[in-house]
Amino acid sequence: MRATADVVVIGGGVMGCSILFNLARLGITNTVLLEKDILNGGSTGRSQSICRMHYSNPVTATMAWESLGVFTHFEEIIGGPSGFTETGYLVVVNEQDRPGLEHNVAMQYALGIDTMTVTAADLSDIAPMVSVAEGEVMAWEPQSGYADPYLVTSSYANRARELGAEICLGLESTGIEVDGGRVRAVNTPQGRIETAAAVVAAGPWSKGELAKVGVDVPLVTVRHQVASLARPVDRLPLHPAVGDIAQSFSFRPDGPRMTLMGFGDDEEADVETYNQLAGMDDLNAAKGKLARRIPAMSNAYFRGGWAGLFTTTPDWHPVLDAAPGVDGLYCAIGFSGHGFKLSPMIGLTMAEMIAQGAASSIDISPLRFSRFEEGDLLESSYGYRVLA
Ligand SMILES: Cc1cc2nc3c(=O)[nH]c(=O)nc-3n(C[C@H](O)[C@H](O)[C@H](O)COP(=O)(O)OP(=O)(O)OC[C@H]3O[C@@H](n4cnc5c(N)ncnc54)[C@H](O)[C@@H]3O)c2cc1C
């Protein structure tokens, strides 16, 4: 392990690895990433990894759209696979959420994002297997889909290593050393790495990591469940990804035969003790919703399930910023259930902030640390908060 580094990244999920790669691309290669477990051992490895553009705020919509451009040319840009699969993405809301959906689509359209509102009649062309009720309102994104979180994270990690970064697996940060208001080192059980810059990208563990240096962040971890279902492929070879706000759940295809469904009440849960299994009662309730949305899925059978953690902030949007009061300490935290799709632009903007003093690709100031105490929170058009 290096004894000195220009930057130490704490956390080997998709965010830490994307930041490490993007730092290297900007010429900062004397870096170390510390991962206490294995790459993808946190939320990333449990992600449903849907890549959609439907957001209520320009900052996240732009990040999702620019990130989609990276996912679709991942091999060329990063030098490894992402598993990105274009399926199209359908948002379904109830009549009461029509203004929110129309606002979001108009805002996205103005940003150049490929999306539109669609009617039940349009579904016969774009998604004939989907059934909607009178009064349900929809938007469609033809270019959206999903990627493979394992491939994406490993591609970032592999390329960062090739460019000169060091990745230490099974090695945790035991604390960031701060002296005179500046980061001086990151400590590990194998010794100290002297550095002037540390990035906390520790997913659900971030609150604890930052608390060790006296930085308090309003992060709450909540449990979300995922089930893998075998599709009756003779009758249903494929379907699009769907964000079903009307029924508070989501699903997407997972390769040629499987479907991944995300569901649950998103209850607060502790990172060390939460139930990592999917619950059968919640699963059966979600299967009922799925059968209503795609009747051909009523015979789909359960092949396995799990639960993971969303790391949420009060507005369910991330914090991408330098931490207050400690020079050289950066945070990429609080991605709740929608960070994966943003990871290419999160890596780039964080690397720009560290290497150049400010993010230049996208104005990420709405995601600043101080918004909580300023009361300037981002707002969602919907009550289903993960669709932030
Ligand atoms: C069930 C579920 C479904 C989701 N679905 C979607 C979706 O459809 N679309 C989407 O865009 N997003 C989705 N998300 C959200 C997305 O997966 C997350 O926002 C993203 O993966 C967060 O990545 P991360 O790198 O910040 O955190 P993590 O993946 O949790 O990585 C943090 C890493 O830090 C390590 N670590 C922690 N403490 C230390 C330490 N002291 N020293 C060293 N290492 C440490 C951990 O071991 C972990 O590997 C979903 C999330 C979940 C849980």
# chains A, B, ... in the order shown; residues from 1 in each chain; ligands from 1
>>> residues_around(residues="Asn104 in chain A", least_positions_apart="6", cutoff="8 Å", atoms="only C-alpha atoms", output="PyMOL selection string")
chain A and resi 54-57+381
>>> write_last_selection(atoms="C-alpha atoms", output="short mmCIF file (atom, residue, chain, number, x, y, z; two decimals), in the first residue's frame")
data_model
loop_
_atom_site.label_atom_id
_atom_site.label_comp_id
_atom_site.auth_asym_id
_atom_site.auth_seq_id
_atom_site.Cartn_x
_atom_site.Cartn_y
_atom_site.Cartn_z
CA HIS A 54 -37.41 11.13 -15.35
CA TYR A 55 -36.56 13.56 -12.55
CA SER A 56 -38.17 16.65 -11.05
CA ASN A 57 -35.03 18.83 -11.05
CA SER A 381 -43.10 16.36 -8.16
#
>>> residues_near_ligand(ligand="ligand 1", cutoff="6 Å", atoms="only C-alpha atoms and all ligand atoms", output="compact mmCIF listing (two decimals) with C-alpha atoms, in the first residue's frame")
# COMPACT_ATOMS: atom_id res chain seq x y z
CA ILE A 10 -13.02 5.63 0.91
CA GLY A 11 -15.49 3.12 -0.56
CA GLY A 12 -15.41 0.73 -3.50
CA GLY A 13 -18.98 1.02 -4.73
CA VAL A 14 -19.85 2.52 -8.08
CA MET A 15 -19.25 6.06 -6.81
CA GLY A 16 -15.79 5.51 -5.35
CA LEU A 34 -9.84 1.71 0.29
CA GLU A 35 -12.64 -0.86 0.28
CA LYS A 36 -13.26 -2.64 3.56
CA ASP A 37 -14.95 -5.61 1.88
CA LEU A 39 -16.04 -4.03 -4.73
CA ASN A 40 -19.83 -3.72 -4.84
CA GLY A 41 -20.20 -5.03 -1.29
CA GLY A 42 -22.62 -2.20 -0.38
CA SER A 43 -25.70 -0.73 -2.06
CA THR A 44 -24.27 -0.99 -5.58
CA ARG A 46 -27.91 -4.82 -4.55
CA SER A 47 -29.06 -2.19 -7.04
CA GLN A 48 -31.83 -2.59 -9.57
CA SER A 49 -29.64 -0.29 -11.71
CA ILE A 50 -32.39 1.26 -13.84
CA CYS A 51 -31.11 4.16 -15.94
CA GLU A 172 -10.87 -0.24 5.77
CA SER A 173 -10.33 3.36 6.62
CA THR A 174 -10.26 3.50 10.39
CA ALA A 201 -17.99 7.56 -0.86
CA ALA A 202 -18.90 4.99 1.77
CA GLY A 203 -22.60 4.57 0.92
CA PRO A 204 -24.65 3.61 3.99
CA TRP A 205 -21.54 3.87 6.20
CA HIS A 224 -35.63 -1.52 -0.18
CA GLN A 225 -36.38 -4.98 -1.55
CA VAL A 226 -35.70 -6.60 -4.91
CA ALA A 307 -32.87 -6.24 0.33
CA GLY A 308 -30.42 -3.35 0.24
CA LEU A 309 -30.13 0.10 1.72
CA PHE A 310 -30.92 3.50 0.29
CA ILE A 333 -23.02 10.63 -0.36
CA PHE A 335 -27.80 8.77 -3.27
CA SER A 336 -30.95 7.11 -1.90
CA GLY A 337 -32.38 4.72 -4.52
CA HIS A 338 -31.34 6.58 -7.64
CA GLY A 339 -27.57 7.08 -7.66
CA PHE A 340 -26.41 4.29 -9.92
CA LYS A 341 -27.63 5.91 -13.14
>>> select_by_dssp(residues="range 117-334 of chain A", states="alpha helix (DSSP H)", output="MDAnalysis selection string")
chainID A and resid 120:126 149:163 206:211 280:293
>>> write_last_selection(atoms="N, CA and C atoms", output="compact mmCIF listing (two decimals), in the first residue's frame")
# COMPACT_ATOMS: atom_id res chain seq x y z
N ALA A 120 -52.76 5.81 -23.54
CA ALA A 120 -53.00 4.36 -23.53
C ALA A 120 -52.97 3.82 -24.97
N ALA A 121 -53.47 4.61 -25.93
CA ALA A 121 -53.47 4.14 -27.33
C ALA A 121 -52.04 3.99 -27.85
N ASP A 122 -51.13 4.88 -27.42
CA ASP A 122 -49.73 4.77 -27.87
C ASP A 122 -49.07 3.48 -27.39
N LEU A 123 -49.56 2.95 -26.28
CA LEU A 123 -48.91 1.76 -25.71
C LEU A 123 -48.97 0.58 -26.67
N SER A 124 -49.98 0.54 -27.53
CA SER A 124 -50.06 -0.61 -28.44
C SER A 124 -48.83 -0.66 -29.35
N ASP A 125 -48.19 0.48 -29.60
CA ASP A 125 -46.96 0.48 -30.40
C ASP A 125 -45.72 0.26 -29.54
N ILE A 126 -45.67 0.95 -28.39
CA ILE A 126 -44.39 0.96 -27.65
C ILE A 126 -44.30 -0.13 -26.57
N PRO A 149 -24.48 -3.38 -12.51
CA PRO A 149 -23.65 -2.67 -11.53
C PRO A 149 -22.28 -3.31 -11.31
N TYR A 150 -22.20 -4.64 -11.41
CA TYR A 150 -20.90 -5.31 -11.22
C TYR A 150 -19.95 -4.96 -12.36
N LEU A 151 -20.47 -5.01 -13.59
CA LEU A 151 -19.61 -4.69 -14.74
C LEU A 151 -19.17 -3.23 -14.69
N VAL A 152 -20.11 -2.34 -14.39
CA VAL A 152 -19.78 -0.90 -14.40
C VAL A 152 -18.69 -0.60 -13.37
N THR A 153 -18.90 -1.08 -12.15
CA THR A 153 -17.93 -0.79 -11.08
C THR A 153 -16.57 -1.42 -11.40
N SER A 154 -16.59 -2.66 -11.86
CA SER A 154 -15.28 -3.30 -12.15
C SER A 154 -14.60 -2.65 -13.33
N SER A 155 -15.36 -2.19 -14.31
CA SER A 155 -14.71 -1.53 -15.45
C SER A 155 -14.03 -0.24 -14.99
N TYR A 156 -14.73 0.53 -14.14
CA TYR A 156 -14.10 1.74 -13.60
C TYR A 156 -12.84 1.38 -12.82
N ALA A 157 -12.95 0.36 -11.97
CA ALA A 157 -11.81 -0.01 -11.11
C ALA A 157 -10.63 -0.50 -11.95
N ASN A 158 -10.92 -1.36 -12.92
CA ASN A 158 -9.83 -1.93 -13.73
C ASN A 158 -9.09 -0.84 -14.50
N ARG A 159 -9.87 0.06 -15.10
CA ARG A 159 -9.23 1.12 -15.91
C ARG A 159 -8.45 2.08 -15.01
N ALA A 160 -9.00 2.39 -13.83
CA ALA A 160 -8.28 3.27 -12.91
C ALA A 160 -6.95 2.64 -12.51
N ARG A 161 -6.98 1.33 -12.23
CA ARG A 161 -5.73 0.62 -11.90
C ARG A 161 -4.73 0.70 -13.04
N GLU A 162 -5.22 0.46 -14.26
CA GLU A 162 -4.31 0.52 -15.43
C GLU A 162 -3.68 1.90 -15.57
N LEU A 163 -4.43 2.93 -15.17
CA LEU A 163 -3.90 4.29 -15.30
C LEU A 163 -3.00 4.67 -14.13
N SER A 206 -21.46 6.17 5.36
CA SER A 206 -20.88 7.51 5.26
C SER A 206 -21.13 8.37 6.49
N LYS A 207 -22.32 8.25 7.07
CA LYS A 207 -22.63 9.07 8.24
C LYS A 207 -21.62 8.79 9.36
N GLY A 208 -21.34 7.51 9.58
CA GLY A 208 -20.39 7.12 10.62
C GLY A 208 -18.98 7.60 10.30
N GLU A 209 -18.57 7.47 9.03
CA GLU A 209 -17.22 7.91 8.64
C GLU A 209 -17.04 9.40 8.89
N LEU A 210 -18.06 10.19 8.53
CA LEU A 210 -17.95 11.64 8.68
C LEU A 210 -18.06 12.06 10.14
N ALA A 211 -18.86 11.31 10.90
CA ALA A 211 -19.01 11.65 12.33
C ALA A 211 -17.66 11.57 13.03
N MET A 280 -41.68 -12.31 2.23
CA MET A 280 -42.66 -12.94 1.34
C MET A 280 -43.98 -12.17 1.27
N ASP A 281 -44.38 -11.53 2.37
CA ASP A 281 -45.64 -10.77 2.32
C ASP A 281 -45.50 -9.58 1.37
N ASP A 282 -44.38 -8.88 1.50
CA ASP A 282 -44.14 -7.73 0.62
C ASP A 282 -44.01 -8.19 -0.84
N LEU A 283 -43.34 -9.32 -1.00
CA LEU A 283 -43.16 -9.86 -2.36
C LEU A 283 -44.51 -10.18 -2.99
N ASN A 284 -45.39 -10.85 -2.24
CA ASN A 284 -46.69 -11.21 -2.81
C ASN A 284 -47.51 -9.98 -3.15
N ALA A 285 -47.42 -8.95 -2.30
CA ALA A 285 -48.14 -7.70 -2.61
C ALA A 285 -47.60 -7.10 -3.91
N ALA A 286 -46.29 -7.11 -4.07
CA ALA A 286 -45.69 -6.53 -5.28
C ALA A 286 -46.01 -7.37 -6.51
N LYS A 287 -46.06 -8.70 -6.33
CA LYS A 287 -46.42 -9.55 -7.48
C LYS A 287 -47.84 -9.24 -7.96
N GLY A 288 -48.72 -8.91 -7.02
CA GLY A 288 -50.09 -8.52 -7.40
C GLY A 288 -50.08 -7.24 -8.24
N LYS A 289 -49.24 -6.30 -7.85
CA LYS A 289 -49.14 -5.04 -8.61
C LYS A 289 -48.58 -5.31 -10.01
N LEU A 290 -47.59 -6.20 -10.05
CA LEU A 290 -46.96 -6.51 -11.34
C LEU A 290 -47.98 -7.18 -12.28
N ALA A 291 -48.78 -8.09 -11.73
CA ALA A 291 -49.78 -8.78 -12.56
C ALA A 291 -50.83 -7.79 -13.07
N ARG A 292 -51.10 -6.79 -12.28
CA ARG A 292 -52.05 -5.76 -12.73
C ARG A 292 -51.44 -4.95 -13.87
N ARG A 293 -50.16 -4.66 -13.77
CA ARG A 293 -49.51 -3.81 -14.79
C ARG A 293 -49.19 -4.62 -16.06
>>> closest_residue(among="A:Val200, A:Ala230, A:Leu277, A:Leu238", to="Trp306 in chain A", atoms="only C-alpha atoms")
A:Leu277
>>> closest_residue(among="A:Ile167, A:Val8, A:Leu68, A:Ala61", to="Ile362 in chain A", atoms="only C-alpha atoms")
A:Ala61
>>> closest_residue(among="A:Val91, A:Leu367, A:Ile77, A:Met129", to="Trp316 in chain A", atoms="only C-alpha atoms")
A:Leu367
>>> closest_residue(among="A:Glu352, A:Asp376, A:Met116, A:Arg371", to="Gly27 in chain A", atoms="only C-alpha atoms")
A:Glu352
>>> atom_distance(atom1="CA of Tyr146 in chain A", atom2="CA of Phe263 in chain A")
16.9 Å
>>> closest_residue(among="A:Asp244, A:Glu177, A:Glu134, A:Asp114", to="Val92 in chain A", atoms="only C-alpha atoms")
A:Asp244
>>> closest_residue(among="A:Ser361, A:Thr115, A:Thr60, A:Ser67", to="Glu379 in chain A", atoms="only C-alpha atoms")
A:Thr60
>>> select_by_dssp(residues="range 153-261 of chain A", states="strand (DSSP E)", output="PyMOL selection string")
chain A and resi 166-169+175-179+182-188+191-194+198-200+220-230+241-244+249-254+258-261
>>> write_last_selection(atoms="N, CA and C atoms", output="compact mmCIF listing (two decimals), in the first residue's frame")
# COMPACT_ATOMS: atom_id res chain seq x y z
N GLU A 166 -4.23 2.82 -7.09
CA GLU A 166 -4.12 1.59 -6.31
C GLU A 166 -5.46 1.32 -5.61
N ILE A 167 -5.91 0.08 -5.69
CA ILE A 167 -7.17 -0.28 -5.02
C ILE A 167 -6.85 -1.35 -3.98
N CYS A 168 -7.18 -1.06 -2.73
CA CYS A 168 -6.91 -2.00 -1.65
C CYS A 168 -8.23 -2.60 -1.19
N LEU A 169 -8.42 -3.89 -1.43
CA LEU A 169 -9.66 -4.56 -1.02
C LEU A 169 -9.46 -5.18 0.36
N GLY A 175 -10.12 5.86 10.01
CA GLY A 175 -10.34 7.26 10.37
C GLY A 175 -9.53 8.21 9.51
N ILE A 176 -10.08 9.38 9.32
CA ILE A 176 -9.38 10.42 8.55
C ILE A 176 -8.68 11.31 9.57
N GLU A 177 -7.39 11.51 9.36
CA GLU A 177 -6.63 12.32 10.32
C GLU A 177 -6.73 13.79 9.90
N VAL A 178 -7.22 14.61 10.82
CA VAL A 178 -7.38 16.05 10.52
C VAL A 178 -6.55 16.81 11.54
N ASP A 179 -5.79 17.78 11.04
CA ASP A 179 -4.99 18.59 11.95
C ASP A 179 -4.99 20.02 11.41
N ARG A 182 -7.26 20.69 8.41
CA ARG A 182 -6.95 20.12 7.08
C ARG A 182 -6.82 18.60 7.18
N VAL A 183 -7.17 17.91 6.09
CA VAL A 183 -6.91 16.47 6.03
C VAL A 183 -5.40 16.26 5.93
N ARG A 184 -4.87 15.35 6.77
CA ARG A 184 -3.43 15.05 6.75
C ARG A 184 -3.16 13.61 6.31
N ALA A 185 -4.08 12.71 6.63
CA ALA A 185 -3.84 11.29 6.33
C ALA A 185 -5.13 10.51 6.47
N VAL A 186 -5.11 9.28 5.93
CA VAL A 186 -6.20 8.34 6.20
C VAL A 186 -5.55 7.12 6.85
N ASN A 187 -6.12 6.69 7.95
CA ASN A 187 -5.53 5.57 8.69
C ASN A 187 -6.21 4.26 8.32
N THR A 188 -5.40 3.19 8.31
CA THR A 188 -5.93 1.84 8.04
C THR A 188 -5.25 0.89 9.02
N GLY A 191 -1.61 0.69 8.37
CA GLY A 191 -0.78 1.90 8.45
C GLY A 191 -1.49 3.12 7.92
N ARG A 192 -0.70 4.18 7.79
CA ARG A 192 -1.24 5.50 7.51
C ARG A 192 -0.92 5.87 6.08
N ILE A 193 -1.89 6.48 5.37
CA ILE A 193 -1.60 7.02 4.03
C ILE A 193 -1.64 8.53 4.16
N GLU A 194 -0.47 9.14 3.98
CA GLU A 194 -0.42 10.60 4.08
C GLU A 194 -1.08 11.20 2.83
N ALA A 198 -9.23 13.56 0.99
CA ALA A 198 -9.94 12.30 1.21
C ALA A 198 -11.37 12.46 0.72
N VAL A 199 -11.87 11.41 0.07
CA VAL A 199 -13.25 11.44 -0.44
C VAL A 199 -14.04 10.37 0.29
N VAL A 200 -15.13 10.76 0.93
CA VAL A 200 -16.00 9.77 1.56
C VAL A 200 -17.07 9.39 0.54
N VAL A 220 -30.07 9.06 6.52
CA VAL A 220 -30.89 8.00 7.12
C VAL A 220 -30.88 6.82 6.14
N THR A 221 -30.63 5.61 6.64
CA THR A 221 -30.63 4.46 5.74
C THR A 221 -31.99 3.76 5.80
N VAL A 222 -32.54 3.45 4.63
CA VAL A 222 -33.83 2.76 4.56
C VAL A 222 -33.70 1.51 3.68
N ARG A 223 -34.50 0.51 4.01
CA ARG A 223 -34.40 -0.80 3.36
C ARG A 223 -35.34 -0.86 2.15
N HIS A 224 -34.82 -1.34 1.03
CA HIS A 224 -35.63 -1.52 -0.18
C HIS A 224 -35.41 -2.94 -0.67
N GLN A 225 -36.47 -3.56 -1.19
CA GLN A 225 -36.38 -4.98 -1.55
C GLN A 225 -36.40 -5.18 -3.07
N VAL A 226 -35.76 -6.26 -3.48
CA VAL A 226 -35.70 -6.60 -4.91
C VAL A 226 -36.02 -8.08 -5.05
N ALA A 227 -36.80 -8.44 -6.08
CA ALA A 227 -37.05 -9.85 -6.36
C ALA A 227 -36.74 -10.13 -7.81
N SER A 228 -36.22 -11.32 -8.04
CA SER A 228 -35.92 -11.78 -9.39
C SER A 228 -37.01 -12.79 -9.77
N LEU A 229 -37.67 -12.54 -10.90
CA LEU A 229 -38.79 -13.39 -11.34
C LEU A 229 -38.50 -13.93 -12.73
N ALA A 230 -38.84 -15.20 -12.96
CA ALA A 230 -38.68 -15.76 -14.31
C ALA A 230 -39.91 -15.39 -15.13
N ALA A 241 -38.55 -1.16 -18.98
CA ALA A 241 -38.44 -0.82 -17.56
C ALA A 241 -39.62 0.10 -17.24
N VAL A 242 -40.16 -0.06 -16.03
CA VAL A 242 -41.35 0.72 -15.66
C VAL A 242 -41.16 1.31 -14.26
N GLY A 243 -41.38 2.61 -14.14
CA GLY A 243 -41.45 3.27 -12.84
C GLY A 243 -42.92 3.49 -12.55
N ASP A 244 -43.48 2.61 -11.74
CA ASP A 244 -44.93 2.60 -11.52
C ASP A 244 -45.25 3.41 -10.26
N PHE A 249 -43.99 1.00 -7.06
CA PHE A 249 -42.96 -0.02 -7.23
C PHE A 249 -42.37 0.13 -8.63
N SER A 250 -41.38 -0.68 -8.96
CA SER A 250 -40.74 -0.55 -10.28
C SER A 250 -40.27 -1.92 -10.74
N PHE A 251 -40.01 -2.05 -12.02
CA PHE A 251 -39.46 -3.31 -12.52
C PHE A 251 -38.76 -3.07 -13.85
N ARG A 252 -37.89 -4.01 -14.18
CA ARG A 252 -37.17 -3.95 -15.46
C ARG A 252 -36.79 -5.36 -15.86
N PRO A 253 -36.56 -5.57 -17.17
CA PRO A 253 -36.07 -6.89 -17.55
C PRO A 253 -34.66 -7.10 -17.01
N ASP A 254 -34.26 -8.34 -16.85
CA ASP A 254 -32.90 -8.67 -16.44
C ASP A 254 -32.42 -9.77 -17.37
N MET A 258 -35.41 -13.03 -17.35
CA MET A 258 -35.74 -12.65 -15.98
C MET A 258 -36.24 -11.21 -15.90
N THR A 259 -36.92 -10.93 -14.80
CA THR A 259 -37.40 -9.57 -14.50
C THR A 259 -37.01 -9.24 -13.08
N LEU A 260 -36.50 -8.04 -12.85
CA LEU A 260 -36.17 -7.60 -11.48
C LEU A 260 -37.22 -6.59 -11.05
N MET A 261 -37.75 -6.80 -9.86
CA MET A 261 -38.81 -5.93 -9.36
C MET A 261 -38.34 -5.29 -8.05
>>> residues_around(residues="Ser370 in chain A", least_positions_apart="5", cutoff="12 Å", atoms="only C-alpha atoms", output="count of residues only")
14
>>> atom_distance(atom1="CA of Ile346 in chain A", atom2="CA of Pro318 in chain A")
9.8 Å
>>> atom_distance(atom1="CA of Pro366 in chain A", atom2="CA of Ala110 in chain A")
18.6 Å
>>> decode(residues="range 235-250 of chain A", atoms="C-alpha atoms", output="short mmCIF file (atom, residue, chain, number, x, y, z; two decimals), in the first residue's frame")
data_model
loop_
_atom_site.label_atom_id
_atom_site.label_comp_id
_atom_site.auth_asym_id
_atom_site.auth_seq_id
_atom_site.Cartn_x
_atom_site.Cartn_y
_atom_site.Cartn_z
CA ARG A 235 -45.83 -15.13 -24.03
CA LEU A 236 -43.66 -12.27 -22.83
CA PRO A 237 -40.21 -12.18 -24.42
CA LEU A 238 -39.56 -8.63 -23.25
CA HIS A 239 -41.03 -5.59 -21.56
CA PRO A 240 -39.70 -2.09 -20.90
CA ALA A 241 -38.44 -0.82 -17.56
CA VAL A 242 -41.35 0.72 -15.66
CA GLY A 243 -41.45 3.27 -12.84
CA ASP A 244 -44.93 2.60 -11.52
CA ILE A 245 -45.57 5.58 -9.28
CA ALA A 246 -49.29 4.82 -9.34
CA GLN A 247 -48.55 1.59 -7.45
CA SER A 248 -45.25 2.60 -5.76
CA PHE A 249 -42.96 -0.02 -7.23
CA SER A 250 -40.74 -0.55 -10.28
#
